[in-house]
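Enquirer: Just passing along the structure, written as structure tokens.
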Amino acid sequence: MIQLTYLFEQELSAAIPYQLMRAGMTDPWLVICGCKVLGIIDQVEGNWTQIVGEDIPPVVIEKMGDLIDTQQFSWLPDLIKKQWPRYVLDVIVENLQRYEIICHKEACNKSFKQRFTLGIHALAQRESALVFNIRCFQKSDSYLVIKAPAIDRYV
């Protein structure tokens with residue numbers, strides 16, 4: 001499950017906190033304000049829209065979508081597949097810190113592990129600690145690559 005908090009700030013009013021929750025990467029987002037479920041939003045044909053529930057202002061839905069789109073789990077899987085197309089068949093986001101990478105059955109695990117371990121630090125956000133469970137398609141063995149957060153030397 002993935003959870004985000006979106007603060008909608010209005011002039012002359014207190015910010016309104018919304019909780020956005022998603023069970024899996026293909027599921028739409030549940031929108032909660034306080035203890036009340038307001039509805040469900042999803043990206044339909046490239047636009048964020050409310051598909052169920054009470055009326056949420058369109059500007060709020062758009063800003064929630066912008067927040068979701070900027071999150072690492074939204075763009076990192078495609079970036080990994082583009083970076084290593086000969087190796088990576090699919091990337092599954094398990095949660096904010098954990099990803100599963102499924103390699104093509106003919107991919108060389110040793111070669112990919114070396115390339116991926118070095119390359120993921122350049123692709124992923126520096127502040128995030130991430131765990132990648134890497135498996136070959138239709139094989140039972142797997143291994144973990146852990147990307148520790150980078151510490152800036154100039155702080």
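Please note that chains go A, B, ... in the order of the structure tokens, that every chain numbers its residues from 1, and that ligands are numbered from 1 in the order shown.
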Could you give me, as a list in words, the residues within 10 Å of stretch 47-50 of chain A, counting only C-alpha atoms and dropping anything in the same chain fewer than 2 positions from it?
Expert: Pro28, Trp29, Leu30, Val31, Leu38, Gly39, Ile40, Ile41, Asp42, Gln43, Val44, Glu45, Val52, Gly53, Glu54, Asp55, Ile56, Pro57, Pro58, Ile61, Glu62, Lys63, Met64, Gly65 and Asp66 of chain A
Enquirer: Kindly export the residues of the current selection with N, CA, C and O atoms, as a compact mmCIF listing (two decimals), in the first residue's frame.
Expert:
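Output (out_17.txt):
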```
# COMPACT_ATOMS: atom_id res chain seq x y z
N PRO A 28 -6.71 2.68 -8.52
CA PRO A 28 -6.89 4.13 -8.39
C PRO A 28 -6.59 4.57 -6.95
O PRO A 28 -6.35 3.74 -6.08
N TRP A 29 -6.64 5.87 -6.72
CA TRP A 29 -6.31 6.45 -5.42
C TRP A 29 -7.57 6.78 -4.63
O TRP A 29 -8.46 7.47 -5.13
N LEU A 30 -7.61 6.33 -3.39
CA LEU A 30 -8.66 6.66 -2.45
C LEU A 30 -8.31 8.00 -1.82
O LEU A 30 -7.17 8.21 -1.39
N VAL A 31 -9.27 8.93 -1.77
CA VAL A 31 -9.05 10.26 -1.21
C VAL A 31 -9.81 10.36 0.10
O VAL A 31 -11.02 10.19 0.14
N LEU A 38 -13.73 10.73 0.66
CA LEU A 38 -14.37 11.65 -0.29
C LEU A 38 -14.61 11.02 -1.64
O LEU A 38 -15.53 11.40 -2.36
N GLY A 39 -13.74 10.09 -2.02
CA GLY A 39 -13.92 9.48 -3.33
C GLY A 39 -12.67 8.80 -3.81
O GLY A 39 -11.74 8.52 -3.04
N ILE A 40 -12.66 8.54 -5.10
CA ILE A 40 -11.56 7.85 -5.76
C ILE A 40 -11.16 8.66 -6.99
O ILE A 40 -12.03 9.09 -7.76
N ILE A 41 -9.84 8.86 -7.15
CA ILE A 41 -9.34 9.54 -8.34
C ILE A 41 -8.42 8.59 -9.10
O ILE A 41 -7.84 7.66 -8.53
N ASP A 42 -8.32 8.84 -10.40
CA ASP A 42 -7.46 8.02 -11.25
C ASP A 42 -7.08 8.85 -12.47
O ASP A 42 -7.74 9.83 -12.81
N GLN A 43 -6.03 8.40 -13.13
CA GLN A 43 -5.61 9.06 -14.35
C GLN A 43 -6.30 8.35 -15.52
O GLN A 43 -6.09 7.16 -15.75
N VAL A 44 -7.13 9.10 -16.22
CA VAL A 44 -7.89 8.56 -17.34
C VAL A 44 -7.49 9.33 -18.59
O VAL A 44 -7.67 10.55 -18.65
N GLU A 45 -6.91 8.63 -19.55
CA GLU A 45 -6.45 9.23 -20.80
C GLU A 45 -5.55 10.44 -20.56
O GLU A 45 -5.68 11.48 -21.18
N VAL A 52 -15.28 8.27 -8.57
CA VAL A 52 -16.30 7.88 -7.60
C VAL A 52 -16.31 8.90 -6.46
O VAL A 52 -15.27 9.41 -6.09
N GLY A 53 -17.50 9.17 -5.91
CA GLY A 53 -17.58 9.93 -4.67
C GLY A 53 -18.13 11.33 -4.78
O GLY A 53 -18.64 11.74 -5.83
N GLU A 54 -18.01 12.04 -3.66
CA GLU A 54 -18.47 13.42 -3.57
C GLU A 54 -17.60 14.32 -4.45
O GLU A 54 -16.49 13.95 -4.82
N ASP A 55 -18.11 15.50 -4.72
CA ASP A 55 -17.36 16.42 -5.56
C ASP A 55 -16.11 16.93 -4.86
O ASP A 55 -16.19 17.54 -3.80
N ILE A 56 -14.98 16.65 -5.46
CA ILE A 56 -13.71 17.23 -5.03
C ILE A 56 -13.40 18.29 -6.07
O ILE A 56 -13.49 18.01 -7.27
N PRO A 57 -13.06 19.51 -5.67
CA PRO A 57 -12.79 20.56 -6.65
C PRO A 57 -11.74 20.12 -7.68
O PRO A 57 -10.72 19.52 -7.32
N PRO A 58 -11.99 20.42 -8.96
CA PRO A 58 -11.05 20.00 -10.02
C PRO A 58 -9.62 20.46 -9.79
O PRO A 58 -8.68 19.74 -10.09
N ILE A 61 -8.01 18.02 -7.42
CA ILE A 61 -7.70 16.75 -8.11
C ILE A 61 -6.46 16.92 -8.97
O ILE A 61 -5.58 16.06 -8.98
N GLU A 62 -6.37 18.03 -9.70
CA GLU A 62 -5.22 18.28 -10.55
C GLU A 62 -3.93 18.36 -9.73
O GLU A 62 -2.90 17.78 -10.10
N LYS A 63 -3.97 19.06 -8.60
CA LYS A 63 -2.78 19.19 -7.74
C LYS A 63 -2.41 17.85 -7.10
O LYS A 63 -1.22 17.54 -6.94
N MET A 64 -3.41 17.06 -6.72
CA MET A 64 -3.13 15.71 -6.19
C MET A 64 -2.43 14.88 -7.26
O MET A 64 -1.45 14.18 -6.98
N GLY A 65 -2.92 14.96 -8.48
CA GLY A 65 -2.31 14.23 -9.60
C GLY A 65 -0.88 14.68 -9.84
O GLY A 65 0.01 13.86 -10.10
N ASP A 66 -0.64 15.99 -9.75
CA ASP A 66 0.72 16.51 -9.90
C ASP A 66 1.64 15.93 -8.83
O ASP A 66 2.78 15.55 -9.12
```
Enquirer: Within 9 Å of A:Pro17, counting only C-alpha atoms, which residues qualify if same-chain residues fewer than 3 places away don't, as a ChimeraX atom specification?
Expert: /A:5-9,32-34
Enquirer: Using only C-alpha atoms, what does the table of stretch 81-109 of chain A residues within 8 Å of stretch 131-141 of chain A look like, with each row giving the shortest atom pair and its distance in Å to one decimal, sorted by chain and ascending number, as a tab-separated table?
Expert:
```
residue	atom	partner	partner_atom	distance
A:Leu89	CA	A:Phe137	CA	8.0
A:Gln97	CA	A:Val131	CA	6.2
A:Arg98	CA	A:Val131	CA	4.8
A:Tyr99	CA	A:Phe132	CA	4.9
A:Glu100	CA	A:Asn133	CA	4.7
A:Ile101	CA	A:Ile134	CA	4.7
A:Ile102	CA	A:Arg135	CA	5.0
A:Cys103	CA	A:Cys136	CA	4.6
A:His104	CA	A:Phe137	CA	5.5
A:Lys105	CA	A:Phe137	CA	4.7
A:Ala107	CA	A:Cys136	CA	7.5
A:Asn109	CA	A:Cys136	CA	7.6
```
Enquirer: Between A:Leu4, A:Cys108, A:Ala23, A:Ile16, which residue has the minimum interatomic distance to A:Val93, considering only C-alpha atoms?
Expert: A:Ala23
Enquirer: With DSSP run on the backbone, what are the helix (DSSP H, G or I) residues within stretch 80-143 of chain A? I'd like them as an MDAnalysis selection string.
Expert: chainID A and resid 80:83 109:123
Enquirer: Go ahead and save the picked residues with N, CA, C and O atoms, as a compact mmCIF listing (two decimals), in the first residue's frame.
Expert:
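In the end it all went to again_3.txt:
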```
# COMPACT_ATOMS: atom_id res chain seq x y z
N ILE A 80 13.98 2.58 -15.24
CA ILE A 80 14.78 1.36 -15.12
C ILE A 80 14.64 0.51 -16.37
O ILE A 80 15.62 -0.01 -16.92
N LYS A 81 13.41 0.36 -16.86
CA LYS A 81 13.18 -0.44 -18.07
C LYS A 81 13.85 0.19 -19.29
O LYS A 81 14.38 -0.53 -20.14
N LYS A 82 13.87 1.52 -19.38
CA LYS A 82 14.54 2.19 -20.50
C LYS A 82 16.05 2.08 -20.40
O LYS A 82 16.74 1.99 -21.41
N GLN A 83 16.58 2.13 -19.18
CA GLN A 83 18.02 2.08 -18.98
C GLN A 83 18.60 0.69 -19.29
O GLN A 83 19.70 0.58 -19.83
N ASN A 109 22.38 -12.70 -15.04
CA ASN A 109 22.20 -12.11 -13.71
C ASN A 109 23.46 -11.41 -13.20
O ASN A 109 23.37 -10.33 -12.62
N LYS A 110 24.61 -12.04 -13.39
CA LYS A 110 25.86 -11.47 -12.87
C LYS A 110 26.16 -10.12 -13.54
O LYS A 110 26.49 -9.15 -12.87
N SER A 111 26.03 -10.06 -14.84
CA SER A 111 26.29 -8.83 -15.57
C SER A 111 25.30 -7.74 -15.19
O SER A 111 25.67 -6.58 -14.96
N PHE A 112 24.01 -8.11 -15.09
CA PHE A 112 23.00 -7.11 -14.72
C PHE A 112 23.21 -6.61 -13.31
O PHE A 112 23.10 -5.41 -13.05
N LYS A 113 23.54 -7.50 -12.39
CA LYS A 113 23.74 -7.09 -10.99
C LYS A 113 24.84 -6.04 -10.90
O LYS A 113 24.70 -5.03 -10.20
N GLN A 114 25.94 -6.25 -11.61
CA GLN A 114 27.04 -5.28 -11.59
C GLN A 114 26.61 -3.94 -12.16
O GLN A 114 26.85 -2.89 -11.56
N ARG A 115 25.95 -3.96 -13.31
CA ARG A 115 25.53 -2.73 -13.97
C ARG A 115 24.45 -2.01 -13.15
O ARG A 115 24.49 -0.80 -12.99
N PHE A 116 23.48 -2.77 -12.66
CA PHE A 116 22.37 -2.18 -11.92
C PHE A 116 22.83 -1.58 -10.60
O PHE A 116 22.44 -0.48 -10.24
N THR A 117 23.68 -2.30 -9.88
CA THR A 117 24.15 -1.83 -8.57
C THR A 117 24.86 -0.48 -8.70
O THR A 117 24.67 0.41 -7.87
N LEU A 118 25.63 -0.32 -9.74
CA LEU A 118 26.32 0.96 -9.96
C LEU A 118 25.37 2.02 -10.50
O LEU A 118 25.40 3.17 -10.07
N GLY A 119 24.50 1.65 -11.42
CA GLY A 119 23.66 2.61 -12.11
C GLY A 119 22.46 3.13 -11.35
O GLY A 119 22.02 4.26 -11.57
N ILE A 120 21.93 2.34 -10.45
CA ILE A 120 20.70 2.76 -9.76
C ILE A 120 20.92 3.99 -8.89
O ILE A 120 20.02 4.80 -8.69
N HIS A 121 22.13 4.19 -8.41
CA HIS A 121 22.42 5.36 -7.58
C HIS A 121 22.28 6.66 -8.38
O HIS A 121 21.92 7.69 -7.83
N ALA A 122 22.54 6.58 -9.69
CA ALA A 122 22.40 7.77 -10.52
C ALA A 122 20.94 8.02 -10.92
O ALA A 122 20.54 9.16 -11.12
N LEU A 123 20.15 6.98 -11.00
CA LEU A 123 18.76 7.11 -11.45
C LEU A 123 17.79 7.47 -10.33
O LEU A 123 16.87 8.26 -10.52
```
Enquirer: Could you give me, as JSON, numbers by chain, each residue of stretch 19-132 of chain A that DSSP assigns to strand (DSSP E or B) when run on this structure's backbone?
Expert: {"A": [19, 20, 21, 22, 29, 30, 31, 32, 33, 36, 37, 38, 39, 40, 41, 42, 43, 44, 47, 48, 49, 50, 51, 52, 53, 88, 89, 90, 91, 92, 93, 94, 95, 98, 99, 100, 101, 102, 103, 130, 131, 132]}
Enquirer: Near A:Arg22, within 6 Å and counting only C-alpha atoms, which residues show up once chain neighbours fewer than 2 positions away are dropped, as a PDB file with all heavy atoms, in the first residue's frame?
Expert:
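Written file, part-v3.pdb:
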```pdb
ATOM      1  N   MET A   1       0.834  -1.178   0.000  1.00  0.00           N
ATOM      2  CA  MET A   1       0.000   0.000   0.000  1.00  0.00           C
ATOM      3  C   MET A   1       0.883   1.246   0.000  1.00  0.00           C
ATOM      4  O   MET A   1       1.896   1.295   0.672  1.00  0.00           O
ATOM      5  CB  MET A   1      -0.907   0.013   1.230  1.00  0.00           C
ATOM      6  CG  MET A   1      -1.739   1.272   1.303  1.00  0.00           C
ATOM      7  SD  MET A   1      -2.901   1.322   2.646  1.00  0.00           S
ATOM      8  CE  MET A   1      -4.095   0.156   2.049  1.00  0.00           C
ATOM      9  N   ILE A   2       0.452   2.218  -0.774  1.00  0.00           N
ATOM     10  CA  ILE A   2       1.171   3.486  -0.850  1.00  0.00           C
ATOM     11  C   ILE A   2       0.264   4.578  -0.294  1.00  0.00           C
ATOM     12  O   ILE A   2      -0.911   4.647  -0.631  1.00  0.00           O
ATOM     13  CB  ILE A   2       1.585   3.801  -2.296  1.00  0.00           C
ATOM     14  CG1 ILE A   2       2.547   2.728  -2.799  1.00  0.00           C
ATOM     15  CG2 ILE A   2       2.203   5.184  -2.390  1.00  0.00           C
ATOM     16  CD1 ILE A   2       2.928   2.864  -4.243  1.00  0.00           C
ATOM     17  N   GLY A  24      -2.457  -1.036  -4.785  1.00  0.00           N
ATOM     18  CA  GLY A  24      -1.471  -1.577  -5.726  1.00  0.00           C
ATOM     19  C   GLY A  24      -1.226  -0.581  -6.845  1.00  0.00           C
ATOM     20  O   GLY A  24      -1.973   0.381  -7.020  1.00  0.00           O
ATOM     21  N   TRP A  29      -6.643   5.867  -6.719  1.00  0.00           N
ATOM     22  CA  TRP A  29      -6.306   6.448  -5.416  1.00  0.00           C
ATOM     23  C   TRP A  29      -7.566   6.781  -4.626  1.00  0.00           C
ATOM     24  O   TRP A  29      -8.459   7.470  -5.126  1.00  0.00           O
ATOM     25  CB  TRP A  29      -5.487   7.716  -5.607  1.00  0.00           C
ATOM     26  CG  TRP A  29      -4.122   7.456  -6.139  1.00  0.00           C
ATOM     27  CD1 TRP A  29      -3.773   7.324  -7.458  1.00  0.00           C
ATOM     28  CD2 TRP A  29      -2.933   7.283  -5.392  1.00  0.00           C
ATOM     29  NE1 TRP A  29      -2.425   7.085  -7.557  1.00  0.00           N
ATOM     30  CE2 TRP A  29      -1.885   7.056  -6.302  1.00  0.00           C
ATOM     31  CE3 TRP A  29      -2.643   7.307  -4.032  1.00  0.00           C
ATOM     32  CZ2 TRP A  29      -0.570   6.859  -5.905  1.00  0.00           C
ATOM     33  CZ3 TRP A  29      -1.331   7.110  -3.629  1.00  0.00           C
ATOM     34  CH2 TRP A  29      -0.321   6.886  -4.558  1.00  0.00           C
TER      35      TRP A  29
END
```
Enquirer: Point out the residue among A:Glu106, A:Phe73, A:Val37, A:Glu11 with the least atom-to-atom distance to A:Val88, counting only C-alpha atoms.
Expert: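 The answer is A:Glu106, which sits nearest to A:Val88.
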Enquirer: When you draw a straight line from atom CA of A:Val145 to atom CA of A:Asp78, how long is it in Å?
Expert: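 These atoms are spaced 18.0 Å apart.
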Enquirer: For atom CA of A:Pro77 and atom CA of A:Val59, quote the distance in Å rounded to one decimal.
Expert: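 Taking atom CA of A:Pro77 as the start and atom CA of A:Val59 as the end point, the length is 27.6 Å.
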